[in-house]
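Report on one structure; see the data block that follows.
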Amino acid sequence: MRVLVTRHDKIGDFITSLPMCKILKDQTEHEVVMLVSKINYDLASKLDFVDDVIEYTDDILELSKRIKAKNIDVSISGYIENKLGIALILAGVKKRIGPATKIAQIFFNDTLKQRRSEVKKTEWQYNLDLVKHFDESLKLEFKRPLLDTKQKRENMVVFHAGSGGSSDGNLSWDDYIKLAKAASQKAEVVFTFGPDDSEVKEYIKTHLDFDAKIRDDFKSIWDLTEFISTSKMFTSTSTGPMHLAGLTNTPTLSFFGANLFASAKRWSTISDIEIQNNFEVPAEYSIELYKTIEDTLLSKIS
């Protein structure tokens with residue numbers, strides 16, 4: 001049987017679907033195919049528990065052709081919308097599993113009520129409920145890291161101050177600099193930036209008064225993922241690179257929004273819980289909260 005796992009949105013959302021693929025690959029004889037957005041295609045193609053990858057397109061007819069060409073028997077979708085549902089039907093996918101949410105559920109013939117807005121578990125755990133719905137015999141356990149880059153961990157702390165507009169809770173840029181300066185007494189410090197982080201990158205570069213490296217030259221998500229996996233601690237807001245750290249089971253110091261929907265209760269990484277250091281950071285956070293964050297970081301990298 002060929003099982004299509006679809007998650008065609010952002011980096012973090014894509015990574016929350018990967019435990020489904022890992023469990024299917026390890027516990028069944030099914031071939032695992034993924035449908036992902038362009039930004040995630042290269043990374044998905046390198047995962048040893050994914051047999052084939054389809055790149056998502058907004059063109060419904062073209063998307064249906066791409067899916068049909070893979071001879072899919074069953075689809076499992078963590079995120080659904082109308083275009084996807086129509087394309088799956090046109091591609092002849094007979095069993096289409098998805099959450100019973102939004103009007104798009106009319107295009108899926110095997111749905112599961114999850115009420116994700118109640119945030120009773122993490123996003124990746126909600127996704128695992130879907131794969132369990134597909135096959136009740138599956139055990140919802142997987143070995144971490146999901147991706148072993150074979151890279152050696154260095155005495156290095158990586159700071160990623162940008163959010164790409166996907167986070168509701170973060171430190172100020174000045175506090176990132178202050179936190180990194182404290183960490184520089186114990187480890188090498190590197191700031192990483194993505195293509196949408198030009199403003200914060202310029203600010204941090206011009207305000208550094210200690211030794212720190214700037215990295216904005218990553219050629220791909222895979223390149224960034226390999227680099228993150230060499231760090232002793234990855235410090236960031238709740239955004240795509242944080243989930244890349246989770247994929248490689250890299251220790252994290254992460255900042256989340258102070259509301260339930262944006263909290264770690266929903267968006268924490270797929271890594272081992274004991275290496276996660278998660279903080280809810282309101283818009284007007286206190287000096288005391290910053291001090292707790294700094295103390296936690298220094299204790300973890302000592």
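Labels for the structure tokens follow display order: chains A, B, ..., residues from 1 in each chain, ligands from 1.
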
Enumerate, in order of chain and increasing residue number, the residues of stretch 101-175 of chain A with an atom no farther than 12 Å from stretch 222-228 of chain A, each with its shortest atom pair and distance in Å to one decimal, counting only C-alpha atoms, as a Markdown table.
| residue | atom | partner | partner_atom | distance |
| --- | --- | --- | --- | --- |
| A:Leu147 | CA | A:Thr225 | CA | 9.4 |
| A:Asp148 | CA | A:Glu226 | CA | 9.0 |
| A:Thr149 | CA | A:Glu226 | CA | 6.0 |
| A:Lys150 | CA | A:Glu226 | CA | 8.6 |
| A:Gln151 | CA | A:Glu226 | CA | 7.0 |
| A:Lys152 | CA | A:Glu226 | CA | 9.9 |
| A:Arg153 | CA | A:Ile228 | CA | 9.2 |
| A:Glu154 | CA | A:Phe227 | CA | 10.2 |
| A:Met156 | CA | A:Ile228 | CA | 9.7 |
| A:Val157 | CA | A:Ile228 | CA | 9.3 |
| A:Val158 | CA | A:Ile228 | CA | 7.3 |
| A:Phe159 | CA | A:Ile228 | CA | 9.9 |
| A:His160 | CA | A:Ile228 | CA | 10.3 |

Using DSSP on the backbone coordinates, identify all residues within stretch 36-224 of chain A classified as strand (DSSP E or B); present the result as number ranges by chain. A: 36, 52-55, 74-77, 95-99, 110-112, 156-160, 188-192, 213-215

For A:Tyr41, which residue among A:Ile301, A:Ile221, A:Ala87, A:Leu146 is the nearest when counting only C-alpha atoms?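 Ranking A:Ile301, A:Ile221, A:Ala87, A:Leu146 by distance to A:Tyr41, first place goes to A:Ile221.
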
If you measure from atom CA of A:Ile89 to atom CA of A:Leu138, what distance in Å do you get, rounded to one decimal?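 About the pair atom CA of A:Ile89 and atom CA of A:Leu138: they are 26.3 Å apart.
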
Figure out the distance between atom CA of A:Ala212 and atom CA of A:Ala180, please, to one decimal in Å.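 Atom-to-atom, atom CA of A:Ala180 to atom CA of A:Ala212, that is 8.3 Å.
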
Which distance in Å separates atom CA of A:Asp52 and atom CA of A:Thr122, to one decimal?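 A separation of 26.3 Å between them.
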
A:Arg2, A:Ser172, A:Tyr126, A:Gly194 ranked by distance to A:Thr16, top pick (using only C-alpha atoms):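 Going through A:Arg2, A:Ser172, A:Tyr126, A:Gly194 one by one, the smallest distance to A:Thr16 is for A:Tyr126.
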
Helix (DSSP H, G or I) residues, from DSSP on the backbone, in stretch 79-170 of chain A, as a list in words: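 DSSP on the backbone gives helix (DSSP H, G or I) at Asn82, Lys83, Leu84, Gly85, Ile86, Ala87, Leu88, Ile89, Leu90, Ile103, Ala104, Gln105, Ile106, Phe107, Arg116, Ser117, Glu118, Glu123, Trp124, Gln125, Tyr126, Asn127, Leu128, Asp129, Leu130, Val131, Lys132, His133 and Phe134 of chain A.
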
For stretch 20-25 of chain A, work out the shell of residues within 7 Å, counting only C-alpha atoms and skipping chain neighbours fewer than 6 positions away, then give it as a list in words.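 Once the adjacent positions are removed, what remains is Val32, Phe49, Val50, Asn127, Leu128, Val131 and Phe142 of chain A.
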
So, counting only C-alpha atoms, which residue among A:His207, A:Arg144, A:Lys10, A:Lys132 is closest to A:Gly240?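 Closest residue, counting only C-alpha atoms: A:Lys10.
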
Go through A:Phe234, A:Tyr290, A:Tyr285, A:Trp267 one by one, measure the shortest atom-to-atom distance of each to A:Ile15 using only C-alpha atoms, and give the residue with the smallest value.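 Smallest distance to A:Ile15 is found for A:Trp267.
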
Taking 2 positions as the minimum chain separation for residues in the same chain, which residues sit within 12 Å of A:Glu294 when counting only C-alpha atoms? Answer as a count of residues only. 27

Of the listed residues A:Tyr203, A:Tyr79, A:Phe14, A:Phe193, that which approaches A:Thr269 most closely, counting only C-alpha atoms: A:Phe14

Fewer than 6 positions away in the same chain doesn't count, so skip those; otherwise give me all residues within 12 Å of A:Arg116, counting only C-alpha atoms, as JSON, numbers by chain. {"A": [78, 79, 99, 100, 101, 102, 122, 123, 124, 125, 126, 127, 129, 260, 261, 262, 265, 266, 267]}

For each of A:Glu31, A:Asp73, A:Asp197, A:Glu141, take the minimum atom-to-atom distance to A:Val53, counting only C-alpha atoms, then give the residue where this is smallest.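 The shortest atom-to-atom distance to A:Val53 comes from A:Glu31.
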
Which polymer residues have any atom within 7 Å of an atom of A:Ile97, counting only C-alpha atoms, with same-chain residues fewer than 2 positions away left out, as a ChimeraX atom specification? /A:75-77,95,108-111

Selection above as a file: N, CA, C and O atoms, as a CSV table (one decimal), in the first residue's frame:
chain,number,residue,atom,x,y,z
A,75,SER,N,-4.6,8.6,1.8
A,75,SER,CA,-3.9,9.9,2.2
A,75,SER,C,-4.3,10.2,3.7
A,75,SER,O,-5.4,10.0,4.1
A,76,ILE,N,-3.3,10.8,4.4
A,76,ILE,CA,-3.5,11.2,5.8
A,76,ILE,C,-3.0,12.7,5.8
A,76,ILE,O,-1.8,13.0,5.6
A,77,SER,N,-3.9,13.6,6.2
A,77,SER,CA,-3.6,15.0,6.1
A,77,SER,C,-3.8,15.7,7.5
A,77,SER,O,-4.8,15.7,8.0
A,95,LYS,N,-9.3,6.5,-0.1
A,95,LYS,CA,-9.5,6.8,1.3
A,95,LYS,C,-8.7,8.0,1.7
A,95,LYS,O,-7.4,8.1,1.5
A,108,PHE,N,-13.1,14.9,2.4
A,108,PHE,CA,-12.4,13.8,3.1
A,108,PHE,C,-13.4,12.8,3.6
A,108,PHE,O,-14.3,13.2,4.3
A,109,ASN,N,-13.2,11.6,3.2
A,109,ASN,CA,-14.3,10.6,3.5
A,109,ASN,C,-14.0,9.7,4.8
A,109,ASN,O,-14.7,8.8,5.1
A,110,ASP,N,-12.9,10.1,5.5
A,110,ASP,CA,-12.7,9.4,6.8
A,110,ASP,C,-12.0,10.5,7.7
A,110,ASP,O,-10.8,10.7,7.7
A,111,THR,N,-12.9,11.1,8.5
A,111,THR,CA,-12.4,12.2,9.4
A,111,THR,C,-12.5,11.9,10.8
A,111,THR,O,-13.2,11.0,11.3
